[in-house]
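Scroll down for the structure; my scribbles are underneath it.
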Amino acid sequence: MLDRLDHALRARPGLPAVLTATRTGAPRVHTTRGELAELSDAFAAALHARGLRAGDTVGVAVRPGPRALAVLLALWRLGLRGAVLDPGAGPDVLRARLALARPSLVLADAAAQAVAGWARPLARRARLALPDLAELGPVATVGRRLPGCAPALDPAAPRAGVPVHGDCDGDAVIVFTSGTTSRPRAVVHTRSGLAAGMSAVASLIDPAPDRPVLGGTFFVLVPALTGGAPVALPAGRPRVLARQLHRLRPQDTYLTPPRLRDALDAGARFHGRVWTGSAPAGAGLLERVRDAGAAQAWGVYALTELFPAAAVEAREKSAFDGAGDLVGAPLPGVLAEPDADGQLLLSGPAARDRYLGEKPDPWIRTGDRARLDGAGRIVLEGRCKDMVLRRAENIYPGLYEPALQVPGVELAVLVGVPAGDGDERLVAVVQPQRGATEDALRAALAEPVRRMGSARPDALLFARIPLSGRSRKPDRAATATLAAQRLAPPA
């Protein structure tokens, strides 16, 4: 699909590719399709002039958007492997990860270099941190170069003789997901696997040409631009985002659950289809999006190792009355089955090839407990590692948390708090929606809690649930610590 995107950009060079928004929400053309193609050509020529050749690894610390997409197109053209650097991972973890990936060059914009340099104290407040990028390998600046930045890629590098890698397969991208500093874990996607993932997204979404799409991730930009739709980058502030949605009226909107909640709180109205994932999205949130005007609201189940795996629309999710979290039927080509311990295994053309330093494995061990219902749909029952042991009984929070999503509840998680002798107390931590009162929520939760049987929580707390990671998922460890502090007897 990246080859198709390159041709599509050049076929209609004068049309908008990437839009941003003014403070009033009015759309503004950031980059045309021709400018994006020209930028990718310039990056490819500059990288080739530096002696990089097919199979080499390039670290990428560039903010999502047209420049990052142009970098990816250049890497694809040359057959280079991109290693994505996440400033939220912490410098020690990144050092270990890049020691494993061993990049020949690190591409960084001025913002990434500021996080690693003079702006480190400010960035730390936002939980962003990068090591000195020069420790990871030679560094080159993409985009505007500020004082103190590494030398820029040569914008005048000769274009003649720059190869096109063609249809050969090989590694395309490395994305670090988990592990420790002593044993970091890196997902490796091949060119064919990455192309299959983008094709799966395009088949699921099927955007119409010339009608805008709102979203900022690579898996939004590529299928939409290939199909001829301009892409608007979501505004950072919720109120501006709400105005942007009103003015733009996108055919498709892609936002993470936390950003959806922020937009709803800011009074946003939606149009067309809305897609969300990367963190749990309950039926209540999807229905709120539909109530705010969306024709459809979809939850997408995806992993770094396989994107996308399954999808479910709000009405289907709301109609599900079984235990657990319905995430939908596996998408075409995706194979799903639980192993002997109940852990969900996935496979398919878009699956990662392997973890860096390990042998290829066709099956992805998701870490999610799940079952397939009578219709073959995936129903999650919680994370395997999130099990709570209470009175010698194994309790999987994900099996019961959907029952806590009553009207007025923003987020709800079940966590274990040590109770001595290896036992745990099961605590429900509930984050109310704006305007909801604790008394009303206690009354609304009484019956769902009663129906939880042996998994009925020992305590119910109301608090703002800590979030973590790029996708802002509930941080269970931090929530458990919060619950333990709230329940501790006064000194």
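Labeling convention for the structure tokens: chains A, B, ... as they appear, residues from 1 per chain, ligands from 1 in order of appearance.
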With a cut-off of 8 Å, could you pull out the residues of range 33-64 of chain A touching range 157-164 of chain A and give me the nearest pair of atoms for each, distance in Å to one decimal, using only C-alpha atoms, ordered by chain and ascending number, as CSV?
residue,atom,partner,partner_atom,distance
A:Asp41,CA,A:Arg159,CA,7.5
A:Ala42,CA,A:Ala157,CA,7.3
A:Ala44,CA,A:Val162,CA,7.3
A:Ala45,CA,A:Arg159,CA,5.4
A:Ala46,CA,A:Ala157,CA,5.2
A:His48,CA,A:Val162,CA,6.5
A:Ala49,CA,A:Ala157,CA,6.4
File dump, residues just selected, C-alpha atoms, as a tab-separated table (two decimals), in the first residue's frame:
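Below you can see part-v4.tsv, which holds the result:
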chain	number	residue	atom	x	y	z
A	41	ASP	CA	12.02	12.12	-2.27
A	42	ALA	CA	14.33	14.56	-0.50
A	44	ALA	CA	15.34	9.25	0.41
A	45	ALA	CA	18.06	11.08	-1.54
A	46	ALA	CA	19.68	12.40	1.64
A	48	HIS	CA	21.14	7.35	0.21
A	49	ALA	CA	23.83	10.03	0.02
Within 7 Å of Met387 in chain A, counting only C-alpha atoms, which residues show up once you throw out same-chain ones fewer than 3 positions away? Write them as an NGL selection string, please.
:A and (384 or 394-397)
Write the residues of the selection above to a file with N, CA, C and O atoms, as a compact mmCIF listing (two decimals), in the first residue's frame.
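Output contents, as saved in part-v8.txt:
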# COMPACT_ATOMS: atom_id res chain seq x y z
N CYS A 384 -3.94 -11.92 31.76
CA CYS A 384 -3.48 -13.08 32.53
C CYS A 384 -2.72 -12.64 33.77
O CYS A 384 -2.90 -13.20 34.85
N ASN A 394 -9.04 -17.60 42.11
CA ASN A 394 -8.50 -16.74 41.07
C ASN A 394 -9.62 -15.88 40.48
O ASN A 394 -10.62 -16.41 40.00
N ILE A 395 -9.41 -14.56 40.51
CA ILE A 395 -10.41 -13.63 39.98
C ILE A 395 -9.75 -12.82 38.87
O ILE A 395 -8.70 -12.20 39.08
N TYR A 396 -10.36 -12.83 37.67
CA TYR A 396 -9.83 -12.08 36.53
C TYR A 396 -10.66 -10.81 36.35
O TYR A 396 -11.83 -10.88 35.95
N PRO A 397 -10.10 -9.65 36.65
CA PRO A 397 -10.87 -8.40 36.65
C PRO A 397 -11.62 -8.13 35.35
O PRO A 397 -12.76 -7.65 35.37
Point-to-point distance from CA of Thr57 in chain A to CA of Leu80 in chain A, Å rounded to tenths:
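Here the two named atoms are 6.0 Å from each other.
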Let's see if you can do this: from backbone DSSP, list all helix (DSSP H, G or I) residues in range 234-415 of chain A, as number ranges by chain.
A: 238-248, 257-265, 283-291, 314-319, 384-386, 397-399, 401-404
Would you mind exporting N, CA and C atoms of the selected residues as a tab-separated table (two decimals), in the first residue's frame?
chain	number	residue	atom	x	y	z
A	238	PRO	N	-9.08	19.96	24.00
A	238	PRO	CA	-10.42	19.41	23.78
A	238	PRO	C	-11.41	20.39	23.19
A	239	ARG	N	-11.41	21.64	23.66
A	239	ARG	CA	-12.39	22.60	23.14
A	239	ARG	C	-12.12	22.93	21.68
A	240	VAL	N	-10.84	23.04	21.32
A	240	VAL	CA	-10.51	23.29	19.92
A	240	VAL	C	-10.86	22.07	19.08
A	241	LEU	N	-10.62	20.88	19.64
A	241	LEU	CA	-10.99	19.65	18.93
A	241	LEU	C	-12.49	19.61	18.68
A	242	ALA	N	-13.28	20.01	19.67
A	242	ALA	CA	-14.73	20.03	19.49
A	242	ALA	C	-15.12	20.99	18.35
A	243	ARG	N	-14.46	22.15	18.30
A	243	ARG	CA	-14.74	23.10	17.21
A	243	ARG	C	-14.28	22.52	15.87
A	244	GLN	N	-13.15	21.85	15.88
A	244	GLN	CA	-12.62	21.25	14.65
A	244	GLN	C	-13.59	20.20	14.10
A	245	LEU	N	-14.12	19.36	14.97
A	245	LEU	CA	-15.09	18.35	14.53
A	245	LEU	C	-16.33	19.01	13.94
A	246	HIS	N	-16.77	20.10	14.53
A	246	HIS	CA	-17.96	20.81	14.06
A	246	HIS	C	-17.72	21.41	12.67
A	247	ARG	N	-16.54	22.01	12.47
A	247	ARG	CA	-16.26	22.67	11.20
A	247	ARG	C	-15.91	21.67	10.10
A	248	LEU	N	-15.21	20.60	10.47
A	248	LEU	CA	-14.69	19.66	9.48
A	248	LEU	C	-15.72	18.63	9.04
A	257	PRO	N	-9.66	6.31	23.54
A	257	PRO	CA	-10.73	6.51	24.53
A	257	PRO	C	-10.52	7.74	25.42
A	258	PRO	N	-9.31	8.01	25.96
A	258	PRO	CA	-9.17	9.22	26.77
A	258	PRO	C	-9.46	10.49	25.99
A	259	ARG	N	-9.05	10.56	24.73
A	259	ARG	CA	-9.31	11.75	23.93
A	259	ARG	C	-10.80	11.86	23.59
A	260	LEU	N	-11.45	10.73	23.39
A	260	LEU	CA	-12.90	10.77	23.17
A	260	LEU	C	-13.62	11.33	24.39
A	261	ARG	N	-13.22	10.86	25.58
A	261	ARG	CA	-13.87	11.35	26.80
A	261	ARG	C	-13.64	12.84	26.97
A	262	ASP	N	-12.42	13.30	26.71
A	262	ASP	CA	-12.13	14.73	26.81
A	262	ASP	C	-12.97	15.53	25.82
A	263	ALA	N	-13.10	15.02	24.59
A	263	ALA	CA	-13.89	15.72	23.58
A	263	ALA	C	-15.37	15.77	23.98
A	264	LEU	N	-15.88	14.66	24.49
A	264	LEU	CA	-17.28	14.65	24.93
A	264	LEU	C	-17.51	15.64	26.06
A	265	ASP	N	-16.57	15.70	27.00
A	265	ASP	CA	-16.70	16.65	28.12
A	265	ASP	C	-16.66	18.09	27.63
A	283	ALA	N	-18.99	-0.29	26.28
A	283	ALA	CA	-20.22	0.03	25.55
A	283	ALA	C	-20.74	1.41	25.92
A	284	GLY	N	-20.57	1.80	27.19
A	284	GLY	CA	-21.05	3.11	27.62
A	284	GLY	C	-20.39	4.25	26.87
A	285	LEU	N	-19.07	4.17	26.67
A	285	LEU	CA	-18.37	5.22	25.94
A	285	LEU	C	-18.81	5.25	24.49
A	286	LEU	N	-18.92	4.08	23.86
A	286	LEU	CA	-19.34	4.05	22.46
A	286	LEU	C	-20.75	4.60	22.29
A	287	GLU	N	-21.63	4.30	23.23
A	287	GLU	CA	-23.00	4.83	23.14
A	287	GLU	C	-23.02	6.34	23.35
A	288	ARG	N	-22.16	6.85	24.23
A	288	ARG	CA	-22.07	8.30	24.39
A	288	ARG	C	-21.67	8.98	23.08
A	289	VAL	N	-20.75	8.33	22.35
A	289	VAL	CA	-20.31	8.88	21.06
A	289	VAL	C	-21.46	8.87	20.07
A	290	ARG	N	-22.26	7.81	20.05
A	290	ARG	CA	-23.42	7.76	19.16
A	290	ARG	C	-24.46	8.81	19.57
A	291	ASP	N	-24.64	8.96	20.86
A	291	ASP	CA	-25.59	9.98	21.33
A	291	ASP	C	-25.14	11.38	20.95
A	314	ALA	N	-21.00	-0.16	18.42
A	314	ALA	CA	-21.64	0.14	19.71
A	314	ALA	C	-22.90	-0.67	19.95
A	315	ARG	N	-23.76	-0.80	18.93
A	315	ARG	CA	-25.03	-1.48	19.14
A	315	ARG	C	-24.83	-2.97	19.43
A	316	GLU	N	-23.87	-3.57	18.73
A	316	GLU	CA	-23.59	-4.99	18.98
A	316	GLU	C	-22.99	-5.17	20.37
A	317	LYS	N	-22.11	-4.26	20.76
A	317	LYS	CA	-21.47	-4.36	22.08
A	317	LYS	C	-22.50	-4.16	23.18
A	318	SER	N	-23.40	-3.20	23.00
A	318	SER	CA	-24.42	-2.93	24.02
A	318	SER	C	-25.40	-4.08	24.17
A	319	ALA	N	-25.64	-4.80	23.09
A	319	ALA	CA	-26.59	-5.91	23.14
A	319	ALA	C	-26.01	-7.15	23.79
A	384	CYS	N	-3.94	-11.92	31.76
A	384	CYS	CA	-3.48	-13.08	32.53
A	384	CYS	C	-2.72	-12.64	33.77
A	385	LYS	N	-1.91	-11.60	33.63
A	385	LYS	CA	-1.07	-11.18	34.76
A	385	LYS	C	-1.84	-10.34	35.77
A	386	ASP	N	-3.07	-9.93	35.45
A	386	ASP	CA	-3.84	-9.08	36.36
A	386	ASP	C	-4.71	-9.89	37.32
A	397	PRO	N	-10.10	-9.65	36.65
A	397	PRO	CA	-10.87	-8.40	36.65
A	397	PRO	C	-11.62	-8.13	35.35
A	398	GLY	N	-10.98	-8.42	34.21
A	398	GLY	CA	-11.62	-8.10	32.94
A	398	GLY	C	-12.92	-8.82	32.69
A	399	LEU	N	-13.15	-9.89	33.43
A	399	LEU	CA	-14.40	-10.63	33.29
A	399	LEU	C	-15.57	-9.87	33.89
A	401	GLU	N	-15.30	-6.23	35.01
A	401	GLU	CA	-15.26	-4.77	34.91
A	401	GLU	C	-16.35	-4.19	34.01
A	402	PRO	N	-16.72	-4.83	32.89
A	402	PRO	CA	-17.80	-4.25	32.08
A	402	PRO	C	-19.10	-4.04	32.85
A	403	ALA	N	-19.36	-4.86	33.87
A	403	ALA	CA	-20.59	-4.71	34.66
A	403	ALA	C	-20.60	-3.41	35.45
A	404	LEU	N	-19.42	-2.83	35.69
A	404	LEU	CA	-19.34	-1.58	36.45
A	404	LEU	C	-19.58	-0.35	35.59
CA of Leu75 in chain A and CA of Phe43 in chain A, how far apart in Å?
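Result for CA of Phe43 in chain A versus CA of Leu75 in chain A: 8.5 Å, one decimal.
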For Gly216 in chain A, which of A:Leu204, A:Leu98, A:Val415, A:Leu69 is the closest residue, counting only C-alpha atoms?
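Looking at the shortest contact to Gly216 in chain A, the residue is A:Leu69.
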Hey, can you check how far CA of Gln251 in chain A sits from CA of Val213 in chain A?
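Computing it gives 5.7 Å between the two atoms.
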